[in-house]
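Here is the file input01.txt (compact mmCIF, C-alpha atoms).
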```
# COMPACT_ATOMS: atom_id res chain seq x y z
CA MET A 1 0.00 0.00 0.00
CA GLU A 2 3.00 2.29 -0.49
CA LYS A 3 1.17 4.21 -3.25
CA LEU A 4 -1.94 4.90 -1.20
CA LYS A 5 -2.63 8.60 -0.68
CA LEU A 6 -5.01 10.12 1.84
CA TYR A 7 -6.84 13.44 1.82
CA GLN A 8 -8.05 15.53 4.74
CA VAL A 9 -11.68 16.63 4.45
CA ARG A 10 -13.96 18.75 6.60
CA GLN A 11 -17.62 18.01 7.22
CA PHE A 12 -19.96 20.93 7.83
CA ILE A 13 -21.53 20.27 11.24
CA ASN A 14 -23.78 22.47 13.36
CA THR A 15 -21.47 24.20 15.86
CA GLU A 16 -24.14 26.18 17.70
CA SER A 17 -23.75 26.06 21.48
CA ILE A 18 -25.06 27.74 24.63
CA PRO A 19 -22.90 30.75 25.59
CA SER A 20 -23.65 30.23 29.31
CA VAL A 21 -25.10 27.00 30.68
CA GLN A 22 -25.68 28.72 34.02
CA SER A 23 -27.87 31.41 32.46
CA ALA A 24 -29.71 28.87 30.30
CA LEU A 25 -30.37 26.57 33.27
CA ARG A 26 -31.56 29.37 35.55
CA HIS A 27 -33.90 30.61 32.85
CA GLU A 28 -35.43 27.13 32.55
CA LEU A 29 -35.80 26.67 36.31
CA VAL A 30 -37.39 30.09 36.80
CA SER A 31 -39.63 30.07 33.71
CA LYS A 32 -41.01 26.63 34.60
CA ARG A 33 -41.68 27.86 38.18
CA LEU A 34 -40.01 24.78 39.59
CA HIS A 35 -39.31 26.55 42.88
CA THR A 36 -42.92 25.76 43.79
CA LEU A 37 -41.92 22.08 44.07
CA ILE A 38 -39.38 22.76 46.80
CA HIS A 39 -40.11 23.12 50.51
CA PRO A 40 -37.70 24.48 53.14
CA GLY A 41 -35.34 21.85 54.49
CA GLN A 42 -36.04 19.24 51.79
CA ARG A 43 -33.18 16.78 51.21
CA ILE A 44 -32.89 16.69 47.42
CA ALA A 45 -30.90 13.96 45.64
CA ILE A 46 -29.35 14.95 42.29
CA THR A 47 -28.45 12.05 40.00
CA VAL A 48 -25.08 12.08 38.24
CA GLY A 49 -24.09 9.34 35.80
CA SER A 50 -20.84 7.93 34.46
CA ARG A 51 -20.90 9.64 31.06
CA GLY A 52 -18.67 12.67 30.66
CA ILE A 53 -20.72 15.84 30.18
CA VAL A 54 -18.40 18.71 29.34
CA SER A 55 -20.23 21.38 31.39
CA LEU A 56 -21.31 19.03 34.17
CA VAL A 57 -19.54 20.85 37.01
CA GLN A 58 -20.94 24.25 35.97
CA ILE A 59 -24.43 22.79 35.61
CA LEU A 60 -24.28 21.11 39.01
CA ARG A 61 -22.96 24.22 40.78
CA CYS A 62 -25.73 26.31 39.25
CA LEU A 63 -28.42 23.77 40.14
CA VAL A 64 -27.12 23.38 43.69
CA GLU A 65 -27.02 27.14 44.20
CA TRP A 66 -30.59 27.53 42.91
CA LEU A 67 -31.84 24.73 45.17
CA TRP A 68 -30.17 26.35 48.17
CA GLU A 69 -31.76 29.69 47.34
CA ASN A 70 -35.16 28.03 47.37
CA GLY A 71 -34.68 26.25 50.69
CA GLY A 72 -33.49 22.85 49.50
CA ARG A 73 -30.65 20.78 50.97
CA PRO A 74 -29.16 19.14 47.87
CA PHE A 75 -26.71 16.26 47.68
CA ILE A 76 -25.42 14.09 44.82
CA VAL A 77 -26.15 10.42 44.23
CA PRO A 78 -24.15 8.37 41.68
CA ALA A 79 -26.57 6.90 39.14
CA MET A 80 -24.47 4.76 36.83
CA GLY A 81 -25.77 1.20 37.04
CA SER A 82 -22.83 -1.18 37.26
CA HIS A 83 -20.15 1.24 36.14
CA GLY A 84 -17.27 1.97 38.49
CA ASN A 85 -16.84 -1.79 39.03
CA ALA A 86 -20.29 -1.80 40.65
CA ASP A 87 -18.98 -0.73 44.04
CA VAL A 88 -19.20 2.39 46.22
CA ARG A 89 -15.57 3.42 45.96
CA GLY A 90 -15.43 2.82 42.23
CA GLN A 91 -18.46 5.01 41.58
CA LEU A 92 -17.07 7.82 43.71
CA ASP A 93 -13.84 7.58 41.75
CA VAL A 94 -15.73 7.86 38.45
CA LEU A 95 -17.45 11.05 39.62
CA ALA A 96 -14.21 12.48 40.99
CA ARG A 97 -12.58 12.09 37.60
CA TYR A 98 -15.30 14.36 36.19
CA GLY A 99 -14.72 16.91 38.94
CA VAL A 100 -17.82 15.91 40.88
CA THR A 101 -16.67 15.94 44.50
CA GLU A 102 -17.98 17.53 47.68
CA LYS A 103 -15.11 20.00 47.61
CA LYS A 104 -15.78 21.19 44.05
CA ILE A 105 -19.58 21.13 44.04
CA GLY A 106 -20.10 22.09 47.68
CA VAL A 107 -22.53 19.32 48.64
CA PRO A 108 -22.10 15.73 49.87
CA VAL A 109 -21.71 12.90 47.37
CA VAL A 110 -23.47 9.87 48.84
CA SER A 111 -22.70 6.55 47.16
CA SER A 112 -24.41 3.29 48.05
CA MET A 113 -25.14 0.14 46.08
CA GLU A 114 -28.20 -0.62 48.24
CA VAL A 115 -31.45 -0.71 46.30
CA LEU A 116 -35.16 -1.14 46.98
CA LEU A 117 -37.55 -3.15 44.83
CA LEU A 118 -40.41 -0.95 43.60
CA GLY A 119 -42.23 -3.43 41.40
CA HIS A 120 -42.05 -5.35 38.12
CA THR A 121 -42.68 -4.50 34.49
CA SER A 122 -45.27 -6.43 32.49
CA ALA A 123 -42.39 -8.57 31.16
CA GLY A 124 -41.46 -9.50 34.73
CA ALA A 125 -38.37 -7.30 35.03
CA PRO A 126 -37.69 -6.26 38.65
CA VAL A 127 -37.55 -2.47 39.02
CA TYR A 128 -34.99 -1.24 41.54
CA ILE A 129 -34.04 2.19 42.83
CA ASP A 130 -31.10 3.47 44.84
CA LYS A 131 -32.10 3.36 48.54
CA VAL A 132 -30.47 6.67 49.42
CA ALA A 133 -32.22 8.52 46.60
CA TYR A 134 -35.59 6.90 47.34
CA GLU A 135 -35.43 7.84 51.02
CA SER A 136 -34.63 11.48 50.24
CA ASP A 137 -37.45 14.03 50.18
CA SER A 138 -37.06 14.74 46.46
CA ILE A 139 -35.08 13.58 43.44
CA VAL A 140 -33.81 15.67 40.53
CA VAL A 141 -32.80 13.41 37.64
CA LEU A 142 -30.06 14.91 35.45
CA ASN A 143 -28.66 13.41 32.28
CA ARG A 144 -27.64 14.02 28.69
CA VAL A 145 -30.20 13.01 26.05
CA LYS A 146 -28.87 11.37 22.88
CA PRO A 147 -29.44 8.41 20.55
CA HIS A 148 -28.53 5.11 22.21
CA THR A 149 -26.15 2.56 20.72
CA THR A 150 -28.74 -0.26 20.79
CA MET A 151 -32.13 1.16 21.77
CA SER A 152 -34.39 2.64 19.12
CA GLY A 153 -37.75 4.34 19.34
CA PRO A 154 -38.90 7.31 21.44
CA VAL A 155 -36.89 6.37 24.56
CA GLN A 156 -33.12 6.04 24.32
CA SER A 157 -30.32 7.60 26.39
CA GLY A 158 -31.77 10.23 28.69
CA LEU A 159 -33.76 10.86 31.84
CA LEU A 160 -35.95 7.75 31.67
CA LYS A 161 -32.98 5.46 31.14
CA MET A 162 -31.16 7.22 33.99
CA LEU A 163 -34.10 6.39 36.28
CA ALA A 164 -34.51 2.77 35.22
CA VAL A 165 -30.86 1.78 34.71
CA GLY A 166 -28.55 4.34 36.29
CA LEU A 167 -30.49 4.87 39.51
CA GLY A 168 -31.09 1.13 39.80
CA ASN A 169 -27.39 0.58 40.51
CA HIS A 170 -25.96 -2.82 39.61
CA LYS A 171 -29.17 -4.81 40.24
CA GLY A 172 -31.33 -2.39 38.29
CA ALA A 173 -28.95 -2.23 35.34
CA GLU A 174 -28.64 -6.00 35.28
CA SER A 175 -32.43 -6.42 35.37
CA MET A 176 -33.09 -3.98 32.52
CA HIS A 177 -30.39 -5.43 30.30
CA HIS A 178 -31.47 -9.00 31.00
CA TYR A 179 -35.13 -8.40 30.18
CA GLY A 180 -34.42 -5.96 27.35
CA LEU A 181 -33.77 -2.23 27.52
CA GLU A 182 -36.06 -1.15 24.73
CA ARG A 183 -39.07 -3.03 26.08
CA ASN A 184 -38.61 -2.46 29.81
CA VAL A 185 -36.92 0.92 30.38
CA PRO A 186 -39.98 3.06 29.56
CA GLU A 187 -42.26 0.99 31.80
CA ALA A 188 -39.72 0.76 34.62
CA ALA A 189 -39.20 4.52 34.52
CA GLU A 190 -42.97 5.04 34.78
CA ILE A 191 -43.04 2.85 37.89
CA ILE A 192 -40.23 4.90 39.43
CA LEU A 193 -41.88 8.21 38.52
CA ASP A 194 -45.09 6.95 40.15
CA LYS A 195 -43.53 5.64 43.37
CA ALA A 196 -40.36 7.69 43.93
CA PRO A 197 -40.19 11.39 44.88
CA VAL A 198 -38.92 12.65 41.51
CA ILE A 199 -39.81 16.35 41.16
CA PHE A 200 -38.15 17.33 37.87
CA GLY A 201 -35.45 16.47 35.39
CA ILE A 202 -32.59 18.34 33.72
CA ALA A 203 -32.11 17.21 30.10
CA ILE A 204 -28.93 18.25 28.30
CA ILE A 205 -28.25 18.13 24.57
CA GLU A 206 -24.68 18.43 23.30
CA ASN A 207 -23.55 19.29 19.79
CA ALA A 208 -21.10 17.20 17.79
CA PHE A 209 -18.19 18.77 19.69
CA LYS A 210 -19.61 17.84 23.10
CA GLN A 211 -20.49 21.46 23.80
CA PRO A 212 -23.84 22.23 25.47
CA TYR A 213 -26.41 22.90 22.74
CA ARG A 214 -29.66 22.99 24.72
CA ILE A 215 -30.69 22.46 28.33
CA TYR A 216 -34.23 21.78 29.50
CA ALA A 217 -35.87 21.60 32.94
CA ILE A 218 -38.87 19.25 32.81
CA PRO A 219 -41.40 18.66 35.62
CA ALA A 220 -41.63 14.98 36.58
CA GLU A 221 -45.13 14.49 35.19
CA LYS A 222 -44.00 15.73 31.76
CA ILE A 223 -40.70 13.83 31.45
CA THR A 224 -42.17 10.86 29.58
CA CYS A 225 -43.73 12.92 26.79
CA GLU A 226 -41.26 15.81 26.57
CA GLU A 227 -38.13 13.66 26.48
CA GLN A 228 -39.26 12.30 23.12
CA ALA A 229 -39.08 15.78 21.58
CA VAL A 230 -35.70 16.39 23.21
CA LEU A 231 -34.40 13.12 21.72
CA GLU A 232 -35.58 14.12 18.25
CA GLU A 233 -33.69 17.39 18.60
CA ALA A 234 -30.58 15.59 19.89
CA SER A 235 -30.67 13.12 16.98
CA LYS A 236 -30.17 15.97 14.53
CA MET A 237 -26.85 16.78 16.23
CA LEU A 238 -25.46 13.25 15.81
CA PRO A 239 -22.25 13.23 13.71
CA VAL A 240 -21.89 10.47 11.11
CA ILE A 241 -19.51 9.46 8.34
CA PRO A 242 -21.43 10.56 5.22
CA PHE A 243 -20.20 7.71 3.00
CA ASP A 244 -21.50 4.19 2.53
CA HIS A 245 -19.58 1.05 1.57
CA ILE A 246 -16.31 1.56 3.43
CA ASP A 247 -13.63 -1.11 3.07
CA VAL A 248 -11.52 -0.07 6.06
CA LEU A 249 -12.38 2.27 8.93
CA LEU A 250 -9.29 3.15 10.94
CA VAL A 251 -10.15 4.55 14.38
CA ARG A 252 -7.41 6.29 16.33
CA TRP A 253 -9.15 6.16 19.73
CA MET A 254 -12.03 4.23 21.27
CA GLY A 255 -13.29 4.65 24.82
CA LYS A 256 -16.14 5.04 27.30
CA ASN A 257 -15.85 8.83 27.21
CA ILE A 258 -16.48 8.68 23.46
CA SER A 259 -19.41 6.27 23.57
CA GLY A 260 -20.90 3.80 26.01
CA SER A 261 -19.99 1.14 23.46
CA GLY A 262 -16.43 2.44 22.97
CA MET A 263 -17.29 3.32 19.37
CA ASP A 264 -20.67 4.80 18.56
CA THR A 265 -22.71 2.15 16.78
CA ASN A 266 -24.65 4.91 15.04
CA VAL A 267 -21.34 5.52 13.23
CA VAL A 268 -19.87 2.02 12.83
CA GLY A 269 -23.20 0.21 12.44
CA ARG A 270 -25.69 -1.07 15.01
CA TRP A 271 -25.56 -4.49 13.36
CA ARG A 272 -22.10 -4.96 14.83
CA ARG A 273 -23.70 -4.95 18.26
CA VAL A 274 -27.23 -6.26 17.82
CA GLY A 275 -26.91 -8.22 14.57
CA GLY A 276 -29.54 -8.17 11.85
CA LYS A 277 -29.50 -6.05 8.73
CA VAL A 278 -26.23 -4.30 7.85
CA ASP A 279 -26.97 -0.63 8.42
CA ARG A 280 -23.42 0.70 7.94
CA ASP A 281 -21.45 -1.28 5.36
CA ILE A 282 -17.95 -1.23 6.85
CA LYS A 283 -15.98 -4.36 6.00
CA ARG A 284 -13.10 -3.95 8.50
CA ILE A 285 -12.54 -1.81 11.58
CA ALA A 286 -9.08 -1.27 13.02
CA VAL A 287 -8.56 0.54 16.34
CA LEU A 288 -5.22 1.90 17.52
CA ASN A 289 -5.72 3.03 21.12
CA LEU A 290 -7.94 3.16 24.23
CA THR A 291 -8.55 6.50 25.94
CA GLU A 292 -7.16 7.13 29.40
CA GLU A 293 -10.64 8.29 30.49
CA SER A 294 -11.90 4.72 29.95
CA HIS A 295 -9.71 3.51 32.81
CA GLY A 296 -9.29 0.16 31.14
CA ASN A 297 -12.96 -0.45 30.33
CA ALA A 298 -12.70 -1.57 26.71
CA LEU A 299 -16.29 -2.70 26.18
CA GLY A 300 -16.94 -2.43 22.45
CA VAL A 301 -13.49 -3.65 21.44
CA GLY A 302 -15.25 -6.76 20.12
CA MET A 303 -16.62 -4.70 17.24
CA ALA A 304 -13.09 -4.19 15.90
CA ASP A 305 -11.27 -6.60 13.62
CA PHE A 306 -7.74 -5.45 14.49
CA ILE A 307 -6.20 -3.70 17.49
CA THR A 308 -2.66 -2.85 18.60
CA ARG A 309 -0.89 -4.62 21.42
CA SER A 310 -0.66 -1.32 23.30
CA LEU A 311 -4.46 -1.07 23.32
CA TYR A 312 -4.76 -4.67 24.49
CA GLU A 313 -2.34 -4.02 27.37
CA LYS A 314 -4.49 -1.12 28.60
CA ILE A 315 -7.57 -3.30 29.06
CA ASP A 316 -8.84 -3.76 32.63
CA PHE A 317 -10.59 -7.07 32.18
CA LYS A 318 -12.46 -6.86 35.49
CA ALA A 319 -14.09 -3.55 34.53
CA THR A 320 -14.69 -4.65 30.95
CA TYR A 321 -16.21 -8.00 31.90
CA MET A 322 -18.40 -6.44 34.60
CA ASN A 323 -19.80 -4.00 32.03
CA ALA A 324 -20.23 -6.78 29.46
CA LEU A 325 -21.98 -9.18 31.82
CA THR A 326 -24.29 -6.53 33.26
CA SER A 327 -25.30 -5.27 29.82
CA GLY A 328 -25.55 -8.78 28.39
CA TRP A 329 -23.29 -7.73 25.52
CA THR A 330 -20.59 -10.37 25.90
CA ASN A 331 -19.52 -10.01 22.27
CA GLY A 332 -18.44 -6.47 23.09
CA ALA A 333 -15.66 -7.84 25.31
CA LYS A 334 -14.25 -10.33 22.80
CA ILE A 335 -10.69 -9.65 21.71
CA PRO A 336 -9.96 -8.96 18.01
CA ILE A 337 -6.74 -9.84 16.17
CA ILE A 338 -3.85 -8.22 18.03
CA MET A 339 -1.02 -6.74 15.99
CA GLU A 340 2.27 -5.56 17.49
CA ASN A 341 2.03 -1.92 16.41
CA GLU A 342 0.10 0.53 14.23
CA LYS A 343 2.10 -0.38 11.15
CA ASP A 344 1.17 -4.04 11.45
CA VAL A 345 -2.48 -3.11 12.01
CA TRP A 346 -2.40 -0.97 8.87
CA VAL A 347 -0.80 -3.69 6.75
CA GLN A 348 -3.20 -6.42 7.82
CA ALA A 349 -6.34 -4.27 7.74
CA LEU A 350 -5.60 -3.29 4.16
CA ASN A 351 -4.45 -6.73 3.08
CA GLY A 352 -6.34 -8.05 0.07
CA PHE A 353 -7.72 -4.74 -1.15
CA ASP A 354 -6.83 -3.04 -4.42
CA CYS A 355 -4.98 0.17 -3.56
CA GLU A 356 -6.54 2.11 -6.43
CA LYS A 357 -10.09 1.11 -5.45
CA LEU A 358 -9.69 1.11 -1.67
CA ARG A 359 -12.44 2.91 0.26
CA LEU A 360 -10.68 3.93 3.47
CA VAL A 361 -11.66 6.41 6.18
CA LEU A 362 -9.35 7.42 9.03
CA VAL A 363 -10.98 9.15 12.04
CA GLU A 364 -9.74 10.38 15.41
CA ASN A 365 -12.72 8.70 17.09
CA THR A 366 -16.40 8.14 16.37
CA LEU A 367 -17.38 11.37 18.12
CA ASN A 368 -15.09 13.94 16.49
CA LEU A 369 -16.10 13.70 12.85
CA GLN A 370 -15.70 17.26 11.65
CA GLU A 371 -12.34 16.50 10.07
CA PHE A 372 -11.02 13.13 8.93
CA PHE A 373 -8.98 11.47 6.19
CA VAL A 374 -10.20 9.55 3.15
CA SER A 375 -8.67 7.59 0.29
CA GLU A 376 -8.66 8.79 -3.33
CA VAL A 377 -11.90 7.04 -4.32
CA ILE A 378 -13.89 8.60 -1.48
CA LYS A 379 -12.23 11.96 -2.09
CA GLY A 380 -13.86 11.94 -5.54
CA GLU A 381 -17.27 11.36 -3.97
CA ALA A 382 -16.63 14.07 -1.37
CA ALA A 383 -16.17 16.59 -4.16
CA GLU A 384 -19.81 15.99 -5.14
CA CYS A 385 -21.11 16.34 -1.57
CA PRO A 386 -22.21 19.88 -0.59
CA LEU A 387 -21.52 19.22 3.10
CA ILE A 388 -17.88 18.17 2.57
CA GLU A 389 -14.85 20.20 1.56
CA LEU A 390 -11.27 19.15 0.81
CA ILE A 391 -8.81 20.77 3.23
CA LYS A 392 -5.40 19.33 2.39
CA GLY A 393 -3.72 16.54 0.55
CA PRO A 394 -2.47 14.31 -0.73
CA PHE A 395 -0.74 12.77 2.28
CA SER A 396 1.64 9.86 2.03
CA VAL A 397 1.41 7.13 4.66
CA ASN A 398 4.55 6.59 6.75
CA PHE A 399 5.51 4.96 10.03
CA SER A 400 7.94 5.93 12.77
CA THR A 401 10.66 3.58 14.00
CA GLU A 402 8.21 2.51 16.75
CA GLY A 403 5.61 1.65 14.12
CA LYS A 404 3.43 4.74 14.76
CA LEU A 405 1.30 5.96 11.87
CA VAL A 406 2.40 9.34 10.45
CA LEU A 407 0.82 11.21 7.54
CA THR A 408 3.18 13.45 5.59
CA GLU A 409 1.68 16.11 3.39
CA GLU A 410 3.28 16.13 -0.02
CA ARG A 411 4.54 19.67 -0.20
CA ASP A 412 7.92 21.40 -0.20
CA ASN A 413 8.28 21.90 3.54
CA GLY A 414 7.54 18.23 4.25
CA SER A 415 5.36 18.96 7.29
CA GLU A 416 3.77 16.06 9.10
CA ILE A 417 0.32 15.59 10.57
CA LYS A 418 -0.32 12.77 13.03
CA PRO A 419 -3.96 11.60 12.96
```
Show me this structure written as structure tokens.
Amino acid sequence: MEKLKLYQVRQFINTESIPSVQSALRHELVSKRLHTLIHPGQRIAITVGSRGIVSLVQILRCLVEWLWENGGRPFIVPAMGSHGNADVRGQLDVLARYGVTEKKIGVPVVSSMEVLLLGHTSAGAPVYIDKVAYESDSIVVLNRVKPHTTMSGPVQSGLLKMLAVGLGNHKGAESMHHYGLERNVPEAAEIILDKAPVIFGIAIIENAFKQPYRIYAIPAEKITCEEQAVLEEASKMLPVIPFDHIDVLLVRWMGKNISGSGMDTNVVGRWRRVGGKVDRDIKRIAVLNLTEESHGNALGVGMADFITRSLYEKIDFKATYMNALTSGWTNGAKIPIIMENEKDVWVQALNGFDCEKLRLVLVENTLNLQEFFVSEVIKGEAAECPLIELIKGPFSVNFSTEGKLVLTEERDNGSEIKP
């Protein structure tokens, strides 16, 4: 593949964001008159999950301050299912890595894996809720709303899933995954909304660059219907690779901070996780590294065909297997072909393809898709796409002495760009 040339392209993506999440949140809280739901001295549990929300600390500080002003006594409850190794210390560590600590937010963070059984769905799935949150006076459920990697329909990742899975701790997450998320999460969330002291929710939408795009405060009785509209809005912000029939997708980084499945299945194809009809025709996926923010949880690595040894050596199998077993997605923890370095991954991933016809896409990760690299064939198609522009190229493909992939732009100064 010595003759293969790559080209850097830019995809036009909506970059609109909220200038001040604090102002936007306060406006929502005041305009919805949510202060009428708070009584002096109420102990109010705020749910915080394991997904990285860029403005999470600012949002929490603003919410906590507003609750104080209206007489509440807020505290934070981890609501992340089995993440953090499904133990108290692990979940506190996850929140601390996002800056969510008593010192930084100014309120206690109370972690407990104890749950209470609230009932069963019509399919027989036990519905659990965190004991600490349930025994508080009120609950504020906070989460980002976005398309899920396996769920489809009007309920995906958001407030309802946070109630049914996140706030259920390990037992609740295990129950929902075992009986089926899509079928049971909406009904389980309704049971929780009916029996637990949830007063309102904070729904956050992020743009393709993980910047806050919209923030909504929704009274508890309206969460079920209004979250559907929020999800529709969030779906429009989802970045994708705008080309079909890819021979090789080379992914620089995978990780839990990028997607709950390591790589977003809305980008690489849901069929790789749930089977069925091929919705994204990508013949081979090669992944070079695992993000530090994943802390060894490599769930989703099973969707790749090739990985580097350095990625393999970063895997914390206890965390990965716990996540896989709880979610029921054991294929996500299977290990692909391991190559010694990035050069070997490149050679084997491209093996058998005709260089002149190769349809290759090289991305930083499945979240940051504004700029990426494509082969000559796809570059020709990009020229016909109004949402794509050519930035630079051609680039020749080279490797360092350690086998690291380096792209060298073919121009007089010989500058290099590392993907």
Neighbours of point (-34.5, 5.0, 29.2) within 9 Å, using all atoms listed in the file, written as a ChimeraX atom specification:
/A:151,155-165,181-182,184-186,188-189
What residues have an atom no more than 10 Å from (-8.9, 15.7, 7.6) in the file's own frame, counting only C-alpha atoms, and can you write them as a tab-separated table (two decimals) with C-alpha atoms, in the frame of the given file?
```
chain	number	residue	atom	x	y	z
A	6	LEU	CA	-5.01	10.12	1.84
A	7	TYR	CA	-6.84	13.44	1.82
A	8	GLN	CA	-8.05	15.53	4.74
A	9	VAL	CA	-11.68	16.63	4.45
A	10	ARG	CA	-13.96	18.75	6.60
A	11	GLN	CA	-17.62	18.01	7.22
A	361	VAL	CA	-11.66	6.41	6.18
A	362	LEU	CA	-9.35	7.42	9.03
A	363	VAL	CA	-10.98	9.15	12.04
A	364	GLU	CA	-9.74	10.38	15.41
A	369	LEU	CA	-16.10	13.70	12.85
A	370	GLN	CA	-15.70	17.26	11.65
A	371	GLU	CA	-12.34	16.50	10.07
A	372	PHE	CA	-11.02	13.13	8.93
A	373	PHE	CA	-8.98	11.47	6.19
A	374	VAL	CA	-10.20	9.55	3.15
A	389	GLU	CA	-14.85	20.20	1.56
A	390	LEU	CA	-11.27	19.15	0.81
A	391	ILE	CA	-8.81	20.77	3.23
A	392	LYS	CA	-5.40	19.33	2.39
A	393	GLY	CA	-3.72	16.54	0.55
A	417	ILE	CA	0.32	15.59	10.57
A	419	PRO	CA	-3.96	11.60	12.96
```
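Atom pair CA of Pro197 in chain A / CA of Ser136 in chain A: separated by 7.7 Å.
Contact shell of range 303-309 of chain A at 8 Å (only C-alpha atoms; same-chain neighbours under 6 positions omitted): Arg272, Arg273, Arg284, Ile285, Ala286, Val287, Leu288, Asn289, Asn331, Gly332, Pro336, Ile337, Ile338, Met339, Glu340, Asn341, Glu342, Val345 and Ala349 of chain A.
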Please, could you write that set of residues out with C-alpha atoms as a PDB file, keeping the file's coordinate frame?
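Once written, out_9.pdb looks like this:
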```
ATOM      1  CA  ARG A 272     -22.100  -4.960  14.830  1.00  0.00           C
ATOM      2  CA  ARG A 273     -23.700  -4.950  18.260  1.00  0.00           C
ATOM      3  CA  ARG A 284     -13.100  -3.950   8.500  1.00  0.00           C
ATOM      4  CA  ILE A 285     -12.540  -1.810  11.580  1.00  0.00           C
ATOM      5  CA  ALA A 286      -9.080  -1.270  13.020  1.00  0.00           C
ATOM      6  CA  VAL A 287      -8.560   0.540  16.340  1.00  0.00           C
ATOM      7  CA  LEU A 288      -5.220   1.900  17.520  1.00  0.00           C
ATOM      8  CA  ASN A 289      -5.720   3.030  21.120  1.00  0.00           C
ATOM      9  CA  ASN A 331     -19.520 -10.010  22.270  1.00  0.00           C
ATOM     10  CA  GLY A 332     -18.440  -6.470  23.090  1.00  0.00           C
ATOM     11  CA  PRO A 336      -9.960  -8.960  18.010  1.00  0.00           C
ATOM     12  CA  ILE A 337      -6.740  -9.840  16.170  1.00  0.00           C
ATOM     13  CA  ILE A 338      -3.850  -8.220  18.030  1.00  0.00           C
ATOM     14  CA  MET A 339      -1.020  -6.740  15.990  1.00  0.00           C
ATOM     15  CA  GLU A 340       2.270  -5.560  17.490  1.00  0.00           C
ATOM     16  CA  ASN A 341       2.030  -1.920  16.410  1.00  0.00           C
ATOM     17  CA  GLU A 342       0.100   0.530  14.230  1.00  0.00           C
ATOM     18  CA  VAL A 345      -2.480  -3.110  12.010  1.00  0.00           C
ATOM     19  CA  ALA A 349      -6.340  -4.270   7.740  1.00  0.00           C
TER      20      ALA A 349
END
```
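With CA of Ser259 in chain A on one side and CA of Gly172 in chain A on the other, the separation reads 20.8 Å.
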* To do: Please identify all polymer residues within 8 Å of Ile282 in chain A, counting all atoms listed in the file, omitting same-chain residues fewer than 3 positions from it, and present them as a list in words.
  => Asp244, His245, Ile246, Asp247, Val248, Leu249, Val268, Gly269 and Ile285 of chain A
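Straight-line separation from CA of His170 in chain A to CA of Val57 in chain A: 24.7 Å.
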*Neighbours of Leu405 in chain A within 7 Å (all atoms listed in the file; same-chain residues fewer than 6 positions away dropped), as an MDAnalysis selection string?*
chainID A and resid 342:343 398:399
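Shortest separation to Leu25 in chain A among A:Leu238, A:Ile215, A:Ala45, A:Val88 occurs at residue A:Ile215, atoms counted being only C-alpha atoms.
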**Who sits within 6 Å of Arg61 in chain A, all atoms listed in the file, same chain under 3 positions skipped, as a PyMOL selection string** = chain A and resi 58+64+105
Include C-alpha atoms and write out the residues we just selected as a PDB file, in the coordinates of the input.
```
ATOM      1  CA  GLN A  58     -20.940  24.250  35.970  1.00  0.00           C
ATOM      2  CA  VAL A  64     -27.120  23.380  43.690  1.00  0.00           C
ATOM      3  CA  ILE A 105     -19.580  21.130  44.040  1.00  0.00           C
TER       4      ILE A 105
END
```
Nearest to Ile204 in chain A, restricted to all atoms listed in the file and choosing among A:Asn351, A:His83, A:Gly72, A:Ile53, comes out as A:Ile53
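Distance check against Gly49 in chain A using only C-alpha atoms: of A:Leu358, A:Cys385, A:Leu250, A:Leu92, the minimum falls on A:Leu92.
For Ala24 in chain A, the residues within 10 Å (counting only C-alpha atoms, excluding itself and residues fewer than 5 positions away along the chain) are Ile18, Pro19, Leu29, Ile59, Arg214, Ile215, Tyr216 and Ala217 of chain A.
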Between A:Val145, A:Met254, A:Ile44, A:Val301, smallest distance to Gln228 in chain A by only C-alpha atoms belongs to A:Val145
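Taking all atoms listed in the file into account, Leu299 in chain A lies nearest to A:Ala333 out of the set A:Ala333, A:Val377, A:Met322, A:Leu60.
The closest residue to Val127 in chain A, picked from A:Ile38, A:Val107, A:Val100, A:Ala173 and counting only C-alpha atoms, is A:Ala173.
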Starting from the structure just given, write a file holding range 319-325 of chain A with N, CA and C atoms, as a PDB file, in the first residue's frame.
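Result saved to decode_8.pdb:
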```pdb
ATOM      1  N   ALA A 319     -13.124  -4.608  34.861  1.00  0.00           N
ATOM      2  CA  ALA A 319     -14.089  -3.552  34.535  1.00  0.00           C
ATOM      3  C   ALA A 319     -14.824  -3.855  33.238  1.00  0.00           C
ATOM      4  N   THR A 320     -14.087  -4.347  32.244  1.00  0.00           N
ATOM      5  CA  THR A 320     -14.689  -4.655  30.951  1.00  0.00           C
ATOM      6  C   THR A 320     -15.694  -5.790  31.061  1.00  0.00           C
ATOM      7  N   TYR A 321     -15.312  -6.848  31.760  1.00  0.00           N
ATOM      8  CA  TYR A 321     -16.209  -7.999  31.895  1.00  0.00           C
ATOM      9  C   TYR A 321     -17.434  -7.659  32.733  1.00  0.00           C
ATOM     10  N   MET A 322     -17.261  -6.849  33.778  1.00  0.00           N
ATOM     11  CA  MET A 322     -18.398  -6.441  34.596  1.00  0.00           C
ATOM     12  C   MET A 322     -19.419  -5.699  33.745  1.00  0.00           C
ATOM     13  N   ASN A 323     -18.933  -4.777  32.926  1.00  0.00           N
ATOM     14  CA  ASN A 323     -19.803  -4.004  32.034  1.00  0.00           C
ATOM     15  C   ASN A 323     -20.471  -4.920  31.006  1.00  0.00           C
ATOM     16  N   ALA A 324     -19.703  -5.865  30.467  1.00  0.00           N
ATOM     17  CA  ALA A 324     -20.226  -6.781  29.456  1.00  0.00           C
ATOM     18  C   ALA A 324     -21.293  -7.706  30.032  1.00  0.00           C
ATOM     19  N   LEU A 325     -21.045  -8.236  31.211  1.00  0.00           N
ATOM     20  CA  LEU A 325     -21.983  -9.179  31.820  1.00  0.00           C
ATOM     21  C   LEU A 325     -23.253  -8.475  32.279  1.00  0.00           C
TER      22      LEU A 325
END
```
